[in-house]
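Colleague: Contents are PDB, C-alpha atoms, pLDDT in the B column; file name model24.pdb:
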ATOM      1  CA  MET O   1     109.555 113.252  77.555  1.00 35.00           C
ATOM      2  CA  LEU O   2     112.956 111.838  78.476  1.00 38.00           C
ATOM      3  CA  ARG O   3     112.583 108.561  80.342  1.00 41.00           C
ATOM      4  CA  ARG O   4     115.420 108.227  82.831  1.00 41.00           C
ATOM      5  CA  THR O   5     116.332 104.946  84.485  1.00 40.00           C
ATOM      6  CA  VAL O   6     119.560 104.776  86.465  1.00 41.00           C
ATOM      7  CA  LEU O   7     120.299 101.438  88.093  1.00 44.00           C
ATOM      8  CA  PRO O   8     122.593 102.029  91.073  1.00 38.00           C
ATOM      9  CA  ILE O   9     124.187  98.590  91.333  1.00 38.00           C
ATOM     10  CA  ALA O  10     124.048  95.897  88.690  1.00 41.00           C
ATOM     11  CA  LEU O  11     126.857  93.699  89.927  1.00 46.00           C
ATOM     12  CA  ALA O  12     128.982  93.487  93.053  1.00 45.00           C
ATOM     13  CA  LEU O  13     132.176  91.509  93.549  1.00 45.00           C
ATOM     14  CA  SER O  14     133.366  90.225  96.903  1.00 43.00           C
ATOM     15  CA  LEU O  15     136.159  87.903  97.962  1.00 46.00           C
ATOM     16  CA  VAL O  16     134.283  86.710 101.037  1.00 45.00           C
ATOM     17  CA  GLY O  17     131.429  85.169  99.049  1.00 44.00           C
ATOM     18  CA  ILE O  18     127.713  85.084  99.811  1.00 45.00           C
ATOM     19  CA  ALA O  19     126.799  82.612 102.526  1.00 50.00           C
ATOM     20  CA  PRO O  20     123.799  80.382 101.694  1.00 49.00           C
ATOM     21  CA  ALA O  21     121.151  79.738 104.322  1.00 49.00           C
ATOM     22  CA  LEU O  22     122.239  77.162 106.892  1.00 54.00           C
ATOM     23  CA  ALA O  23     120.805  73.667 106.368  1.00 60.00           C
ATOM     24  CA  ALA O  24     118.902  74.759 103.246  1.00 76.00           C
ATOM     25  CA  PRO O  25     118.563  71.926 100.705  1.00 89.00           C
ATOM     26  CA  THR O  26     120.743  72.068  97.602  1.00 92.00           C
ATOM     27  CA  LEU O  27     121.131  70.089  94.394  1.00 95.00           C
ATOM     28  CA  SER O  28     124.555  69.598  92.770  1.00 97.00           C
ATOM     29  CA  THR O  29     125.847  68.188  89.496  1.00 97.00           C
ATOM     30  CA  SER O  30     129.107  67.935  87.564  1.00 97.00           C
ATOM     31  CA  ASP O  31     127.550  66.565  84.380  1.00 97.00           C
ATOM     32  CA  ARG O  32     127.214  68.452  81.061  1.00 97.00           C
ATOM     33  CA  LEU O  33     127.478  71.865  82.707  1.00 97.00           C
ATOM     34  CA  ASP O  34     128.073  73.686  79.406  1.00 96.00           C
ATOM     35  CA  GLU O  35     124.779  72.301  78.065  1.00 96.00           C
ATOM     36  CA  ARG O  36     122.633  73.278  81.066  1.00 96.00           C
ATOM     37  CA  ARG O  37     121.251  76.743  81.772  1.00 96.00           C
ATOM     38  CA  TYR O  38     120.790  78.344  85.181  1.00 96.00           C
ATOM     39  CA  VAL O  39     118.839  81.334  86.470  1.00 96.00           C
ATOM     40  CA  ALA O  40     119.443  83.178  89.738  1.00 96.00           C
ATOM     41  CA  THR O  41     116.470  85.476  90.165  1.00 95.00           C
ATOM     42  CA  GLY O  42     115.044  88.036  92.534  1.00 95.00           C
ATOM     43  CA  SER O  43     111.854  90.056  92.269  1.00 96.00           C
ATOM     44  CA  ARG O  44     113.431  92.766  90.073  1.00 96.00           C
ATOM     45  CA  ALA O  45     116.556  91.281  88.476  1.00 96.00           C
ATOM     46  CA  TYR O  46     118.019  87.994  87.317  1.00 96.00           C
ATOM     47  CA  VAL O  47     121.128  86.462  85.756  1.00 97.00           C
ATOM     48  CA  VAL O  48     121.088  83.706  83.110  1.00 97.00           C
ATOM     49  CA  GLY O  49     124.090  81.646  82.021  1.00 96.00           C
ATOM     50  CA  THR O  50     125.350  78.087  81.720  1.00 97.00           C
ATOM     51  CA  GLU O  51     126.030  75.936  84.763  1.00 97.00           C
ATOM     52  CA  ALA O  52     129.689  76.056  83.715  1.00 96.00           C
ATOM     53  CA  GLY O  53     129.635  79.760  84.582  1.00 96.00           C
ATOM     54  CA  ARG O  54     129.750  80.945  81.003  1.00 95.00           C
ATOM     55  CA  PHE O  55     127.585  83.411  79.073  1.00 94.00           C
ATOM     56  CA  PRO O  56     127.291  82.238  75.456  1.00 90.00           C
ATOM     57  CA  ALA O  57     124.830  83.731  72.990  1.00 86.00           C
ATOM     58  CA  MET O  58     121.454  82.193  73.830  1.00 85.00           C
ATOM     59  CA  GLY O  59     117.728  82.625  73.302  1.00 78.00           C
ATOM     60  CA  PHE O  60     115.496  83.326  70.310  1.00 75.00           C
ATOM     61  CA  HIS O  61     113.051  86.144  71.226  1.00 71.00           C
ATOM     62  CA  THR O  62     115.987  88.512  70.836  1.00 74.00           C
ATOM     63  CA  ARG O  63     118.326  86.070  69.169  1.00 73.00           C
ATOM     64  CA  GLY O  64     121.534  85.440  71.093  1.00 68.00           C
ATOM     65  CA  GLU O  65     120.834  88.147  73.686  1.00 78.00           C
ATOM     66  CA  MET O  66     118.651  86.449  76.321  1.00 86.00           C
ATOM     67  CA  GLY O  67     121.523  85.547  78.663  1.00 89.00           C
ATOM     68  CA  GLY O  68     123.430  87.841  81.013  1.00 95.00           C
ATOM     69  CA  VAL O  69     122.083  90.198  83.680  1.00 96.00           C
ATOM     70  CA  TRP O  70     118.576  91.619  83.269  1.00 95.00           C
ATOM     71  CA  THR O  71     116.325  93.941  85.234  1.00 96.00           C
ATOM     72  CA  PRO O  72     113.083  93.918  83.237  1.00 94.00           C
ATOM     73  CA  PRO O  73     112.334  95.551  80.907  1.00 92.00           C
ATOM     74  CA  ILE O  74     116.027  96.074  80.071  1.00 93.00           C
ATOM     75  CA  LYS O  75     119.252  94.106  79.861  1.00 94.00           C
ATOM     76  CA  LEU O  76     122.360  95.388  81.656  1.00 96.00           C
ATOM     77  CA  VAL O  77     125.394  93.271  80.710  1.00 96.00           C
ATOM     78  CA  ASP O  78     126.160  90.205  78.585  1.00 95.00           C
ATOM     79  CA  GLY O  79     128.079  88.467  81.369  1.00 94.00           C
ATOM     80  CA  ILE O  80     131.074  88.506  83.702  1.00 93.00           C
ATOM     81  CA  TRP O  81     134.434  86.731  83.678  1.00 93.00           C
ATOM     82  CA  PHE O  82     137.173  86.434  86.310  1.00 93.00           C
ATOM     83  CA  GLY O  83     140.939  86.077  86.011  1.00 93.00           C
ATOM     84  CA  LEU O  84     143.601  85.122  88.563  1.00 92.00           C
ATOM     85  CA  ASP O  85     147.296  85.893  88.124  1.00 91.00           C
ATOM     86  CA  GLY O  86     146.921  86.573  84.416  1.00 90.00           C
ATOM     87  CA  GLU O  87     144.754  83.561  83.505  1.00 90.00           C
ATOM     88  CA  TRP O  88     140.980  83.492  83.040  1.00 92.00           C
ATOM     89  CA  VAL O  89     139.165  81.161  85.421  1.00 92.00           C
ATOM     90  CA  GLY O  90     136.644  78.554  84.327  1.00 84.00           C
ATOM     91  CA  PRO O  91     134.637  76.703  83.245  1.00 95.00           C
ATOM     92  CA  ALA O  92     133.114  75.419  86.479  1.00 97.00           C
ATOM     93  CA  THR O  93     133.639  71.793  87.463  1.00 97.00           C
ATOM     94  CA  ARG O  94     130.606  71.542  89.767  1.00 98.00           C
ATOM     95  CA  PHE O  95     127.308  73.446  89.975  1.00 98.00           C
ATOM     96  CA  THR O  96     125.051  73.724  93.026  1.00 98.00           C
ATOM     97  CA  SER O  97     121.540  75.196  93.107  1.00 96.00           C
ATOM     98  CA  GLY O  98     120.008  76.312  96.402  1.00 92.00           C
ATOM     99  CA  TYR O  99     117.177  78.487  97.647  1.00 88.00           C
ATOM    100  CA  GLY O 100     117.736  81.918  96.133  1.00 85.00           C
ATOM    101  CA  HIS O 101     121.307  81.329  94.967  1.00 93.00           C
ATOM    102  CA  VAL O 102     123.572  79.231  92.764  1.00 97.00           C
ATOM    103  CA  GLN O 103     127.174  78.234  93.415  1.00 97.00           C
ATOM    104  CA  MET O 104     129.953  77.087  91.087  1.00 98.00           C
ATOM    105  CA  ASP O 105     133.217  75.367  91.947  1.00 97.00           C
ATOM    106  CA  LEU O 106     135.779  76.833  89.564  1.00 96.00           C
ATOM    107  CA  PRO O 107     139.074  75.192  88.562  1.00 93.00           C
ATOM    108  CA  SER O 108     141.948  75.620  91.025  1.00 89.00           C
ATOM    109  CA  ARG O 109     144.669  78.058  89.997  1.00 82.00           C
ATOM    110  CA  GLY O 110     148.160  77.707  91.466  1.00 82.00           C
ATOM    111  CA  GLY O 111     146.907  76.135  94.677  1.00 86.00           C
ATOM    112  CA  LEU O 112     143.956  78.526  95.010  1.00 91.00           C
ATOM    113  CA  ARG O 113     140.465  77.094  95.490  1.00 93.00           C
ATOM    114  CA  VAL O 114     137.819  79.280  93.867  1.00 95.00           C
ATOM    115  CA  THR O 115     134.037  79.284  94.390  1.00 96.00           C
ATOM    116  CA  ARG O 116     131.570  81.670  92.766  1.00 96.00           C
ATOM    117  CA  THR O 117     128.088  82.435  94.118  1.00 96.00           C
ATOM    118  CA  ASP O 118     125.350  84.322  92.208  1.00 97.00           C
ATOM    119  CA  PHE O 119     122.433  85.909  94.062  1.00 94.00           C
ATOM    120  CA  ALA O 120     119.702  88.390  93.082  1.00 95.00           C
ATOM    121  CA  PRO O 121     118.187  90.092  96.164  1.00 95.00           C
ATOM    122  CA  ASP O 122     114.451  90.767  96.168  1.00 96.00           C
ATOM    123  CA  GLY O 123     113.365  94.363  95.722  1.00 95.00           C
ATOM    124  CA  ARG O 124     116.645  95.461  94.133  1.00 94.00           C
ATOM    125  CA  ARG O 125     117.625  96.029  90.522  1.00 95.00           C
ATOM    126  CA  ALA O 126     120.873  94.208  91.265  1.00 94.00           C
ATOM    127  CA  VAL O 127     122.726  90.930  90.970  1.00 96.00           C
ATOM    128  CA  LEU O 128     125.477  90.084  93.460  1.00 95.00           C
ATOM    129  CA  VAL O 129     128.366  87.827  92.518  1.00 95.00           C
ATOM    130  CA  GLY O 130     130.592  86.568  95.316  1.00 93.00           C
ATOM    131  CA  LEU O 131     134.009  85.077  94.629  1.00 92.00           C
ATOM    132  CA  ARG O 132     135.572  83.043  97.432  1.00 93.00           C
ATOM    133  CA  ILE O 133     139.304  82.420  97.060  1.00 92.00           C
ATOM    134  CA  GLU O 134     141.015  80.060  99.501  1.00 92.00           C
ATOM    135  CA  SER O 135     144.730  79.425  99.939  1.00 89.00           C
ATOM    136  CA  GLU O 136     146.654  77.294 102.434  1.00 87.00           C
ATOM    137  CA  ALA O 137     149.252  80.043 102.850  1.00 87.00           C
ATOM    138  CA  ALA O 138     149.249  83.838 102.832  1.00 88.00           C
ATOM    139  CA  ARG O 139     149.890  85.210  99.357  1.00 88.00           C
ATOM    140  CA  THR O 140     149.141  88.075  96.998  1.00 90.00           C
ATOM    141  CA  VAL O 141     146.744  87.420  94.121  1.00 89.00           C
ATOM    142  CA  ASP O 142     146.114  89.476  90.992  1.00 92.00           C
ATOM    143  CA  LEU O 143     142.329  89.376  90.533  1.00 91.00           C
ATOM    144  CA  ARG O 144     140.667  90.699  87.387  1.00 92.00           C
ATOM    145  CA  MET O 145     137.054  90.920  86.325  1.00 92.00           C
ATOM    146  CA  GLN O 146     135.714  91.593  82.838  1.00 93.00           C
ATOM    147  CA  THR O 147     132.164  92.452  81.867  1.00 94.00           C
ATOM    148  CA  HIS O 148     130.571  93.286  78.514  1.00 93.00           C
ATOM    149  CA  SER O 149     127.912  96.002  78.520  1.00 93.00           C
ATOM    150  CA  GLU O 150     124.725  95.497  76.514  1.00 92.00           C
ATOM    151  CA  LEU O 151     122.100  97.956  77.659  1.00 95.00           C
ATOM    152  CA  MET O 152     119.025  97.157  75.607  1.00 90.00           C
ATOM    153  CA  SER O 153     115.273  96.759  75.950  1.00 89.00           C
ATOM    154  CA  ILE O 154     113.512  93.415  75.860  1.00 84.00           C
ATOM    155  CA  TYR O 155     111.526  94.724  72.882  1.00 79.00           C
ATOM    156  CA  PRO O 156     111.523  94.439  69.889  1.00 74.00           C
ATOM    157  CA  TRP O 157     111.694  90.666  69.582  1.00 69.00           C
ATOM    158  CA  GLY O 158     113.188  88.968  66.558  1.00 64.00           C
ATOM    159  CA  GLU O 159     109.762  88.408  65.011  1.00 63.00           C
ATOM    160  CA  THR O 160     108.393  91.914  65.708  1.00 66.00           C
ATOM    161  CA  LYS O 161     106.907  93.507  62.576  1.00 63.00           C
ATOM    162  CA  ARG O 162     106.608  97.156  61.605  1.00 65.00           C
ATOM    163  CA  GLU O 163     103.230  98.825  61.339  1.00 66.00           C
ATOM    164  CA  ASN O 164     103.034  97.937  57.637  1.00 65.00           C
ATOM    165  CA  ASN O 165     103.753  94.300  58.615  1.00 64.00           C
ATOM    166  CA  THR O 166     106.117  93.789  55.706  1.00 62.00           C
ATOM    167  CA  GLN O 167     109.550  94.042  57.319  1.00 64.00           C
ATOM    168  CA  PRO O 168     110.908  93.003  60.711  1.00 64.00           C
ATOM    169  CA  LEU O 169     111.895  95.585  63.323  1.00 70.00           C
ATOM    170  CA  THR O 170     115.170  94.418  64.861  1.00 72.00           C
ATOM    171  CA  GLN O 171     117.488  95.389  67.699  1.00 74.00           C
ATOM    172  CA  ASN O 172     120.032  96.375  65.043  1.00 74.00           C
ATOM    173  CA  GLU O 173     117.873  99.469  64.499  1.00 77.00           C
ATOM    174  CA  PHE O 174     116.433  99.914  67.982  1.00 82.00           C
ATOM    175  CA  ASN O 175     119.504  99.322  70.162  1.00 86.00           C
ATOM    176  CA  LEU O 176     121.785 102.347  70.595  1.00 91.00           C
ATOM    177  CA  ALA O 177     125.517 102.313  71.333  1.00 93.00           C
ATOM    178  CA  ASP O 178     126.640 102.131  74.966  1.00 95.00           C
ATOM    179  CA  SER O 179     129.186 104.463  76.511  1.00 96.00           C
ATOM    180  CA  ALA O 180     131.574 103.470  79.305  1.00 96.00           C
ATOM    181  CA  ALA O 181     133.320 105.402  82.068  1.00 96.00           C
ATOM    182  CA  PHE O 182     135.134 104.689  85.333  1.00 94.00           C
ATOM    183  CA  GLU O 183     133.600 106.781  88.106  1.00 93.00           C
ATOM    184  CA  ALA O 184     134.098 106.608  91.892  1.00 91.00           C
ATOM    185  CA  GLY O 185     135.718 103.187  91.682  1.00 90.00           C
ATOM    186  CA  ALA O 186     133.040 101.605  89.486  1.00 92.00           C
ATOM    187  CA  LEU O 187     132.363 100.950  85.818  1.00 94.00           C
ATOM    188  CA  VAL O 188     129.408 102.978  84.559  1.00 96.00           C
ATOM    189  CA  PHE O 189     127.711 102.016  81.290  1.00 96.00           C
ATOM    190  CA  ARG O 190     125.041 104.231  79.716  1.00 97.00           C
ATOM    191  CA  GLU O 191     122.726 104.223  76.747  1.00 96.00           C
ATOM    192  CA  GLN O 192     121.075 107.556  76.006  1.00 96.00           C
ATOM    193  CA  GLY O 193     118.977 108.852  73.151  1.00 95.00           C
ATOM    194  CA  THR O 194     116.045 108.011  70.911  1.00 94.00           C
ATOM    195  CA  PRO O 195     116.096 105.120  68.424  1.00 89.00           C
ATOM    196  CA  VAL O 196     115.528 106.218  64.830  1.00 85.00           C
ATOM    197  CA  VAL O 197     112.326 104.194  64.697  1.00 81.00           C
ATOM    198  CA  PRO O 198     108.730 105.492  64.460  1.00 79.00           C
ATOM    199  CA  ASN O 199     107.093 106.039  67.888  1.00 81.00           C
ATOM    200  CA  ALA O 200     110.264 105.182  69.820  1.00 85.00           C
ATOM    201  CA  GLU O 201     110.690 107.016  73.130  1.00 89.00           C
ATOM    202  CA  ALA O 202     113.802 108.743  74.424  1.00 94.00           C
ATOM    203  CA  HIS O 203     115.572 106.927  77.234  1.00 94.00           C
ATOM    204  CA  ASP O 204     118.527 107.224  79.596  1.00 96.00           C
ATOM    205  CA  TRP O 205     119.644 103.851  80.975  1.00 95.00           C
ATOM    206  CA  ALA O 206     122.661 103.049  83.126  1.00 95.00           C
ATOM    207  CA  ALA O 207     124.345 100.034  84.679  1.00 96.00           C
ATOM    208  CA  VAL O 208     126.978 100.229  87.417  1.00 95.00           C
ATOM    209  CA  VAL O 209     129.493  97.437  88.010  1.00 94.00           C
ATOM    210  CA  GLY O 210     131.325  97.741  91.307  1.00 91.00           C
ATOM    211  CA  SER O 211     133.281  95.799  93.905  1.00 89.00           C
ATOM    212  CA  THR O 212     133.575  95.765  97.685  1.00 84.00           C
ATOM    213  CA  LEU O 213     137.364  95.325  97.437  1.00 79.00           C
TER
END
Please re-express this file's structure in structure tokens.
Modeller:
Amino acid sequence: MLRRTVLPIALALSLVGIAPALAAPTLSTSDRLDERRYVATGSRAYVVGTEAGRFPAMGFHTRGEMGGVWTPPIKLVDGIWFGLDGEWVGPATRFTSGYGHVQMDLPSRGGLRVTRTDFAPDGRRAVLVGLRIESEAARTVDLRMQTHSELMSIYPWGETKRENNTQPLTQNEFNLADSAAFEAGALVFREQGTPVVPNAEAHDWAAVVGSTL
């Protein structure tokens, strides 16, 4: 039987940002952001990265693949990156954690103040990323966003053994290639097929990366 899972929205980009709850307590730091991890999680999806706003290889269950955007039991993308006027933005200079969201102050670019907010709404297989760009004068800005697809299941782990228990079963064998397309103003990534591994099931997974702009 073909198992079909299509995730309608994995990531949304907005210039207006995501407003945190009024008067909700927050905790901020500017120290060692590249060494600290953060998680913004809802009931069905979460995003993991560094407090500097980066997505390096991390984790050991599936070595190097535990960061990025996940909706259990599958991963959607490795991470996201933003660029303004031809230059990539980051790393963050300040990180703030609040109820249900995280916020990062990104380096200024040409007089632009940039703040990023990550939020995973409950009940949705989605992560929202808001980018707030402020300028003292009206101007036109070239905004770019890059994401790396990595549709894959949480299993097998790095230490998973085959039935004969003599050799490991790795994602190099289990993980199929992703395809990419631009449809209706959004990036659509898909992984379809059956891994060439005993007892593996057919699947059809998708991740959609869109913007409100």
Colleague: Out of O:Ile133, O:Ala138, O:Val102, O:Leu33, which residue has the shortest atom-to-atom distance to O:Arg54 when counting only C-alpha atoms?
Modeller: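 That would be O:Leu33, the residue with the smallest distance to O:Arg54.
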Colleague: Show which residues sit within 12 Å of O:Thr62, as a list in words. Count all atoms listed in the file, and ignore same-chain residues fewer than 2 positions away.
Modeller: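 Close residues of O:Thr62: Ala57, Met58, Gly59, Phe60, Gly64, Glu65, Met66, Gly67, Ile74, Lys75, Met152, Ser153, Ile154, Tyr155, Pro156, Trp157, Gly158, Glu159, Thr160, Leu169, Thr170, Gln171, Asn172, Phe174 and Asn175 of chain O.
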Colleague: Please write the residues picked by the PyMOL selection byres ((chain O and resi 108-116) around 12) on this file as number ranges by chain.
Modeller: O: 13-20, 51-54, 80-97, 101-107, 117-119, 128-143
Colleague: Return as AutoDock Vina command-line options the centre and edge lengths, in Å with one decimal, of the box along x, y and z that encloses every atom of stretch 72-81 of chain O in the file, padded by 5 Å per side.
Modeller:
--center_x 123.4 --center_y 91.4 --center_z 81.1 --size_x 32.1 --size_y 19.3 --size_z 15.1
Colleague: To one decimal place in Å, what is the distance between atom CA of O:Pro121 and atom CA of O:Gly193?
Modeller: 29.7 Å
Colleague: List every protein, DNA or RNA residue that has an atom no more than 12 Å from (138.3, 101.5, 84.4) in the file's coordinate frame, counting all atoms listed in the file, and report them as a list in words.
Modeller: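 Those residues, ordered by chain and then number, are Arg144, Met145, Gln146, Thr147, Ala180, Ala181, Phe182, Glu183, Ala184, Gly185, Ala186, Leu187, Val188, Phe189, Val208, Val209 and Gly210 of chain O.
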Colleague: Please expand the PyMOL selection byres ((chain O and resi 78) around 7) into the concrete residues it hits in this file, giving the result as a PDB file with C-alpha atoms, keeping the file's coordinate frame.
Modeller:
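Saved as part_1.pdb:
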ATOM      1  CA  PHE O  55     127.585  83.411  79.073  1.00 94.00           C
ATOM      2  CA  GLY O  67     121.523  85.547  78.663  1.00 89.00           C
ATOM      3  CA  GLY O  68     123.430  87.841  81.013  1.00 95.00           C
ATOM      4  CA  VAL O  69     122.083  90.198  83.680  1.00 96.00           C
ATOM      5  CA  VAL O  77     125.394  93.271  80.710  1.00 96.00           C
ATOM      6  CA  GLY O  79     128.079  88.467  81.369  1.00 94.00           C
ATOM      7  CA  HIS O 148     130.571  93.286  78.514  1.00 93.00           C
ATOM      8  CA  SER O 149     127.912  96.002  78.520  1.00 93.00           C
ATOM      9  CA  GLU O 150     124.725  95.497  76.514  1.00 92.00           C
TER      10      GLU O 150
END
Colleague: Between atom CA of O:Pro56 and atom CA of O:Arg37, what is the spacing in Å?
Modeller: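 Between atom CA of O:Arg37 and atom CA of O:Pro56 the gap is 10.3 Å.
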